[in-house]
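Worksheet: the structure to be examined is printed underneath.
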Amino acid sequence: MKDFVDQLSAELSERYVQYLDTFLVDFWSEAGFIEFRCGFSLRSDHLLRRFKIKVPALAGDTDGERRLIVVMIFEEIEEKIDLTISERKLDAN
């Protein structure tokens, strides 16, 4: 699963290369949850934004279900990046 997370991280970093200064994703298994620890900073302000996304460890019974959960997590991360970029553009105007 780590290879899949690394692959999606690389793809997202490449897609947002003109905006992102730093992008981090790591995942942990902790107390019945899978926790994604994420962070990113924009080139425009270099402010590190960190957040966690937790899902129950039993949410995915099969490899396919677990991969789908990871894809959904990355969609949420991408939404946060998009929102931050749009807020920064509004602040600049």
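Chain lettering (A, B, ...) mirrors the order of the structure tokens, residue numbering begins at 1 for each chain separately, and ligand numbering begins at 1 in order of display.
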DSSP-assigned strand (DSSP E or B) among range 15-70 of chain A, expressed as a ChimeraX atom specification: /A:20-30,33-42,49-56
File dump, residues just selected, N, CA and C atoms, as a compact mmCIF listing (two decimals), in the first residue's frame:
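And here's out_12.txt as it stands now:
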# COMPACT_ATOMS: atom_id res chain seq x y z
N LEU A 20 3.05 24.19 -5.52
CA LEU A 20 3.54 23.62 -4.26
C LEU A 20 5.03 23.78 -4.08
N ASP A 21 5.39 24.23 -2.88
CA ASP A 21 6.78 24.29 -2.48
C ASP A 21 7.15 22.98 -1.78
N THR A 22 6.26 22.51 -0.92
CA THR A 22 6.46 21.28 -0.15
C THR A 22 5.17 20.48 -0.17
N PHE A 23 5.29 19.17 -0.27
CA PHE A 23 4.13 18.30 -0.17
C PHE A 23 4.55 17.02 0.53
N LEU A 24 3.82 16.66 1.60
CA LEU A 24 4.14 15.49 2.41
C LEU A 24 2.88 14.67 2.68
N VAL A 25 3.00 13.37 2.55
CA VAL A 25 1.94 12.46 2.97
C VAL A 25 2.60 11.23 3.57
N ASP A 26 2.15 10.88 4.75
CA ASP A 26 2.62 9.66 5.39
C ASP A 26 1.40 9.01 6.03
N PHE A 27 1.42 7.71 6.16
CA PHE A 27 0.28 7.08 6.80
C PHE A 27 0.73 6.12 7.88
N TRP A 28 -0.12 6.04 8.91
CA TRP A 28 0.15 5.25 10.11
C TRP A 28 -1.07 4.44 10.44
N SER A 29 -0.84 3.33 11.08
CA SER A 29 -1.94 2.54 11.64
C SER A 29 -1.89 2.75 13.13
N GLU A 30 -3.02 3.24 13.68
CA GLU A 30 -2.99 3.59 15.10
C GLU A 30 -4.38 3.43 15.72
N PHE A 33 -7.37 2.79 13.58
CA PHE A 33 -7.53 3.73 12.48
C PHE A 33 -6.30 3.72 11.59
N ILE A 34 -6.50 4.08 10.35
CA ILE A 34 -5.40 4.40 9.46
C ILE A 34 -5.39 5.91 9.38
N GLU A 35 -4.26 6.49 9.70
CA GLU A 35 -4.16 7.95 9.78
C GLU A 35 -3.21 8.44 8.70
N PHE A 36 -3.70 9.39 7.91
CA PHE A 36 -2.87 10.03 6.89
C PHE A 36 -2.44 11.38 7.46
N ARG A 37 -1.15 11.57 7.58
CA ARG A 37 -0.59 12.84 8.06
C ARG A 37 -0.09 13.59 6.84
N CYS A 38 -0.66 14.74 6.60
CA CYS A 38 -0.42 15.46 5.36
C CYS A 38 0.08 16.87 5.66
N GLY A 39 0.78 17.42 4.71
CA GLY A 39 1.21 18.80 4.81
C GLY A 39 1.61 19.32 3.45
N PHE A 40 1.43 20.61 3.27
CA PHE A 40 1.88 21.25 2.04
C PHE A 40 2.11 22.73 2.30
N SER A 41 2.97 23.30 1.50
CA SER A 41 3.16 24.74 1.50
C SER A 41 3.14 25.21 0.06
N LEU A 42 2.64 26.41 -0.11
CA LEU A 42 2.59 27.01 -1.44
C LEU A 42 3.85 27.82 -1.70
N ARG A 49 1.02 23.95 5.90
CA ARG A 49 -0.33 23.61 6.38
C ARG A 49 -0.34 22.11 6.64
N ARG A 50 -0.62 21.73 7.89
CA ARG A 50 -0.62 20.31 8.26
C ARG A 50 -2.01 19.90 8.70
N PHE A 51 -2.36 18.67 8.38
CA PHE A 51 -3.65 18.13 8.80
C PHE A 51 -3.57 16.61 8.78
N LYS A 52 -4.55 15.99 9.45
CA LYS A 52 -4.65 14.53 9.52
C LYS A 52 -6.01 14.11 9.00
N ILE A 53 -6.02 12.98 8.34
CA ILE A 53 -7.27 12.37 7.90
C ILE A 53 -7.25 10.94 8.43
N LYS A 54 -8.30 10.58 9.18
CA LYS A 54 -8.38 9.25 9.77
C LYS A 54 -9.53 8.47 9.17
N VAL A 55 -9.29 7.19 8.93
CA VAL A 55 -10.36 6.29 8.50
C VAL A 55 -10.25 5.02 9.35
N PRO A 56 -11.38 4.39 9.66
CA PRO A 56 -11.32 3.15 10.43
C PRO A 56 -10.51 2.09 9.69
12 Å contact set for Ala59 in chain A, only C-alpha atoms, chain neighbours under 5 positions out, as a PyMOL selection string: chain A and resi 32-34+54+64-70
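Here CA of Leu48 in chain A and CA of Glu79 in chain A stand 16.3 Å from one another.
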Point-to-point distance from CA of Ala57 in chain A to CA of Ile77 in chain A, Å rounded to tenths: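 That distance, rounded to one decimal, is 19.0 Å.
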For CA of Leu12 in chain A and CA of Asp91 in chain A, the interatomic separation in Å (one decimal):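 So the answer is 24.1 Å.
Counting only C-alpha atoms, the residue from A:Asp82, A:Asp6, A:Arg88, A:Glu14 that sits nearest to Leu47 in chain A is A:Arg88.
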Those of chain A in DSSP helix (DSSP H, G or I), formatted as a PDB file with N, CA and C atoms, in the first residue's frame:
ATOM      1  N   LYS A   2       2.026   1.175   0.652  1.00  0.00           N
ATOM      2  CA  LYS A   2       2.916   2.338   0.697  1.00  0.00           C
ATOM      3  C   LYS A   2       3.337   2.753  -0.705  1.00  0.00           C
ATOM      4  N   ASP A   3       3.593   1.793  -1.567  1.00  0.00           N
ATOM      5  CA  ASP A   3       3.974   2.124  -2.945  1.00  0.00           C
ATOM      6  C   ASP A   3       2.861   2.886  -3.659  1.00  0.00           C
ATOM      7  N   PHE A   4       1.614   2.500  -3.414  1.00  0.00           N
ATOM      8  CA  PHE A   4       0.474   3.178  -4.029  1.00  0.00           C
ATOM      9  C   PHE A   4       0.356   4.607  -3.503  1.00  0.00           C
ATOM     10  N   VAL A   5       0.527   4.790  -2.202  1.00  0.00           N
ATOM     11  CA  VAL A   5       0.490   6.134  -1.603  1.00  0.00           C
ATOM     12  C   VAL A   5       1.621   6.979  -2.186  1.00  0.00           C
ATOM     13  N   ASP A   6       2.807   6.406  -2.294  1.00  0.00           N
ATOM     14  CA  ASP A   6       3.943   7.131  -2.871  1.00  0.00           C
ATOM     15  C   ASP A   6       3.675   7.520  -4.327  1.00  0.00           C
ATOM     16  N   GLN A   7       3.057   6.625  -5.077  1.00  0.00           N
ATOM     17  CA  GLN A   7       2.728   6.898  -6.475  1.00  0.00           C
ATOM     18  C   GLN A   7       1.743   8.068  -6.589  1.00  0.00           C
ATOM     19  N   LEU A   8       0.680   8.027  -5.788  1.00  0.00           N
ATOM     20  CA  LEU A   8      -0.307   9.105  -5.820  1.00  0.00           C
ATOM     21  C   LEU A   8       0.302  10.426  -5.343  1.00  0.00           C
ATOM     22  N   SER A   9       1.194  10.359  -4.373  1.00  0.00           N
ATOM     23  CA  SER A   9       1.882  11.567  -3.899  1.00  0.00           C
ATOM     24  C   SER A   9       2.709  12.190  -5.009  1.00  0.00           C
ATOM     25  N   ALA A  10       3.445  11.357  -5.723  1.00  0.00           N
ATOM     26  CA  ALA A  10       4.277  11.851  -6.824  1.00  0.00           C
ATOM     27  C   ALA A  10       3.412  12.455  -7.931  1.00  0.00           C
ATOM     28  N   GLU A  11       2.305  11.812  -8.252  1.00  0.00           N
ATOM     29  CA  GLU A  11       1.410  12.327  -9.292  1.00  0.00           C
ATOM     30  C   GLU A  11       0.807  13.665  -8.883  1.00  0.00           C
ATOM     31  N   LEU A  12       0.382  13.777  -7.636  1.00  0.00           N
ATOM     32  CA  LEU A  12      -0.208  15.024  -7.173  1.00  0.00           C
ATOM     33  C   LEU A  12       0.847  16.136  -7.142  1.00  0.00           C
ATOM     34  N   SER A  13       2.029  15.817  -6.677  1.00  0.00           N
ATOM     35  CA  SER A  13       3.120  16.802  -6.652  1.00  0.00           C
ATOM     36  C   SER A  13       3.435  17.304  -8.054  1.00  0.00           C
ATOM     37  N   GLU A  14       3.452  16.410  -9.004  1.00  0.00           N
ATOM     38  CA  GLU A  14       3.742  16.782 -10.386  1.00  0.00           C
ATOM     39  C   GLU A  14       2.633  17.666 -10.963  1.00  0.00           C
ATOM     40  N   ARG A  15       1.392  17.331 -10.651  1.00  0.00           N
ATOM     41  CA  ARG A  15       0.244  18.084 -11.159  1.00  0.00           C
ATOM     42  C   ARG A  15       0.226  19.515 -10.608  1.00  0.00           C
ATOM     43  N   ALA A  57      -9.688   1.372  10.408  1.00  0.00           N
ATOM     44  CA  ALA A  57      -8.840   0.354   9.796  1.00  0.00           C
ATOM     45  C   ALA A  57      -9.664  -0.739   9.120  1.00  0.00           C
ATOM     46  N   LEU A  58     -10.862  -0.973   9.604  1.00  0.00           N
ATOM     47  CA  LEU A  58     -11.707  -2.020   9.035  1.00  0.00           C
ATOM     48  C   LEU A  58     -12.544  -1.527   7.854  1.00  0.00           C
ATOM     49  N   ALA A  59     -12.353  -0.273   7.431  1.00  0.00           N
ATOM     50  CA  ALA A  59     -13.152   0.291   6.344  1.00  0.00           C
ATOM     51  C   ALA A  59     -12.905  -0.424   5.023  1.00  0.00           C
ATOM     52  N   ASP A  63      -7.951  -5.541  -0.871  1.00  0.00           N
ATOM     53  CA  ASP A  63      -6.959  -4.608  -1.418  1.00  0.00           C
ATOM     54  C   ASP A  63      -7.628  -3.551  -2.284  1.00  0.00           C
ATOM     55  N   GLY A  64      -8.610  -3.958  -3.072  1.00  0.00           N
ATOM     56  CA  GLY A  64      -9.331  -3.021  -3.929  1.00  0.00           C
ATOM     57  C   GLY A  64     -10.059  -1.951  -3.130  1.00  0.00           C
ATOM     58  N   GLU A  65     -10.697  -2.352  -2.033  1.00  0.00           N
ATOM     59  CA  GLU A  65     -11.394  -1.386  -1.176  1.00  0.00           C
ATOM     60  C   GLU A  65     -10.404  -0.433  -0.513  1.00  0.00           C
ATOM     61  N   ARG A  66      -9.282  -0.965  -0.078  1.00  0.00           N
ATOM     62  CA  ARG A  66      -8.270  -0.114   0.555  1.00  0.00           C
ATOM     63  C   ARG A  66      -7.691   0.889  -0.453  1.00  0.00           C
ATOM     64  N   ARG A  67      -7.464   0.442  -1.671  1.00  0.00           N
ATOM     65  CA  ARG A  67      -6.956   1.346  -2.718  1.00  0.00           C
ATOM     66  C   ARG A  67      -7.972   2.457  -3.000  1.00  0.00           C
ATOM     67  N   LEU A  68      -9.247   2.094  -3.022  1.00  0.00           N
ATOM     68  CA  LEU A  68     -10.298   3.083  -3.253  1.00  0.00           C
ATOM     69  C   LEU A  68     -10.314   4.120  -2.127  1.00  0.00           C
ATOM     70  N   ILE A  69     -10.136   3.683  -0.905  1.00  0.00           N
ATOM     71  CA  ILE A  69     -10.076   4.606   0.233  1.00  0.00           C
ATOM     72  C   ILE A  69      -8.901   5.570   0.077  1.00  0.00           C
ATOM     73  N   VAL A  70      -7.754   5.032  -0.329  1.00  0.00           N
ATOM     74  CA  VAL A  70      -6.577   5.887  -0.517  1.00  0.00           C
ATOM     75  C   VAL A  70      -6.841   6.913  -1.621  1.00  0.00           C
ATOM     76  N   VAL A  71      -7.472   6.501  -2.703  1.00  0.00           N
ATOM     77  CA  VAL A  71      -7.810   7.428  -3.785  1.00  0.00           C
ATOM     78  C   VAL A  71      -8.729   8.529  -3.260  1.00  0.00           C
ATOM     79  N   MET A  72      -9.710   8.155  -2.453  1.00  0.00           N
ATOM     80  CA  MET A  72     -10.635   9.139  -1.889  1.00  0.00           C
ATOM     81  C   MET A  72      -9.906  10.103  -0.948  1.00  0.00           C
ATOM     82  N   ILE A  73      -8.954   9.601  -0.196  1.00  0.00           N
ATOM     83  CA  ILE A  73      -8.157  10.455   0.693  1.00  0.00           C
ATOM     84  C   ILE A  73      -7.391  11.474  -0.146  1.00  0.00           C
ATOM     85  N   PHE A  74      -6.799  11.023  -1.230  1.00  0.00           N
ATOM     86  CA  PHE A  74      -6.043  11.934  -2.082  1.00  0.00           C
ATOM     87  C   PHE A  74      -6.952  12.952  -2.770  1.00  0.00           C
ATOM     88  N   GLU A  75      -8.177  12.584  -3.062  1.00  0.00           N
ATOM     89  CA  GLU A  75      -9.125  13.559  -3.600  1.00  0.00           C
ATOM     90  C   GLU A  75      -9.411  14.641  -2.566  1.00  0.00           C
ATOM     91  N   GLU A  76      -9.526  14.250  -1.303  1.00  0.00           N
ATOM     92  CA  GLU A  76      -9.741  15.224  -0.229  1.00  0.00           C
ATOM     93  C   GLU A  76      -8.525  16.134  -0.069  1.00  0.00           C
ATOM     94  N   ILE A  77      -7.331  15.565  -0.158  1.00  0.00           N
ATOM     95  CA  ILE A  77      -6.105  16.367  -0.075  1.00  0.00           C
ATOM     96  C   ILE A  77      -6.067  17.373  -1.222  1.00  0.00           C
ATOM     97  N   GLU A  78      -6.398  16.905  -2.414  1.00  0.00           N
ATOM     98  CA  GLU A  78      -6.392  17.785  -3.587  1.00  0.00           C
ATOM     99  C   GLU A  78      -7.403  18.925  -3.422  1.00  0.00           C
ATOM    100  N   GLU A  79      -8.560  18.631  -2.858  1.00  0.00           N
ATOM    101  CA  GLU A  79      -9.557  19.675  -2.600  1.00  0.00           C
ATOM    102  C   GLU A  79      -9.006  20.730  -1.642  1.00  0.00           C
ATOM    103  N   LYS A  80      -8.285  20.289  -0.617  1.00  0.00           N
ATOM    104  CA  LYS A  80      -7.698  21.237   0.338  1.00  0.00           C
ATOM    105  C   LYS A  80      -6.654  22.118  -0.352  1.00  0.00           C
ATOM    106  N   ILE A  81      -5.859  21.524  -1.220  1.00  0.00           N
ATOM    107  CA  ILE A  81      -4.857  22.306  -1.956  1.00  0.00           C
ATOM    108  C   ILE A  81      -5.550  23.306  -2.876  1.00  0.00           C
ATOM    109  N   ASP A  82      -6.557  22.850  -3.614  1.00  0.00           N
ATOM    110  CA  ASP A  82      -7.295  23.741  -4.514  1.00  0.00           C
ATOM    111  C   ASP A  82      -7.911  24.906  -3.755  1.00  0.00           C
ATOM    112  N   LEU A  83      -8.517  24.616  -2.620  1.00  0.00           N
ATOM    113  CA  LEU A  83      -9.147  25.662  -1.808  1.00  0.00           C
ATOM    114  C   LEU A  83      -8.108  26.679  -1.330  1.00  0.00           C
ATOM    115  N   THR A  84      -6.976  26.198  -0.881  1.00  0.00           N
ATOM    116  CA  THR A  84      -5.919  27.085  -0.401  1.00  0.00           C
ATOM    117  C   THR A  84      -5.385  27.956  -1.533  1.00  0.00           C
ATOM    118  N   ILE A  85      -5.182  27.368  -2.700  1.00  0.00           N
ATOM    119  CA  ILE A  85      -4.704  28.135  -3.856  1.00  0.00           C
ATOM    120  C   ILE A  85      -5.711  29.224  -4.218  1.00  0.00           C
ATOM    121  N   SER A  86      -6.991  28.871  -4.257  1.00  0.00           N
ATOM    122  CA  SER A  86      -7.992  29.866  -4.625  1.00  0.00           C
ATOM    123  C   SER A  86      -8.105  30.971  -3.572  1.00  0.00           C
ATOM    124  N   GLU A  87      -7.973  30.630  -2.301  1.00  0.00           N
ATOM    125  CA  GLU A  87      -8.006  31.644  -1.239  1.00  0.00           C
ATOM    126  C   GLU A  87      -6.812  32.592  -1.372  1.00  0.00           C
ATOM    127  N   ARG A  88      -5.659  32.054  -1.668  1.00  0.00           N
ATOM    128  CA  ARG A  88      -4.455  32.888  -1.831  1.00  0.00           C
ATOM    129  C   ARG A  88      -4.613  33.825  -3.026  1.00  0.00           C
ATOM    130  N   LYS A  89      -5.223  33.339  -4.099  1.00  0.00           N
ATOM    131  CA  LYS A  89      -5.438  34.189  -5.288  1.00  0.00           C
ATOM    132  C   LYS A  89      -6.396  35.320  -4.953  1.00  0.00           C
ATOM    133  N   LEU A  90      -7.431  35.023  -4.161  1.00  0.00           N
ATOM    134  CA  LEU A  90      -8.375  36.060  -3.751  1.00  0.00           C
ATOM    135  C   LEU A  90      -7.693  37.095  -2.851  1.00  0.00           C
ATOM    136  N   ASP A  91      -6.837  36.626  -1.957  1.00  0.00           N
ATOM    137  CA  ASP A  91      -6.118  37.539  -1.063  1.00  0.00           C
ATOM    138  C   ASP A  91      -5.180  38.458  -1.849  1.00  0.00           C
ATOM    139  N   ALA A  92      -4.638  37.946  -2.932  1.00  0.00           N
ATOM    140  CA  ALA A  92      -3.687  38.721  -3.731  1.00  0.00           C
ATOM    141  C   ALA A  92      -4.388  39.830  -4.518  1.00  0.00           C
TER     142      ALA A  92
END
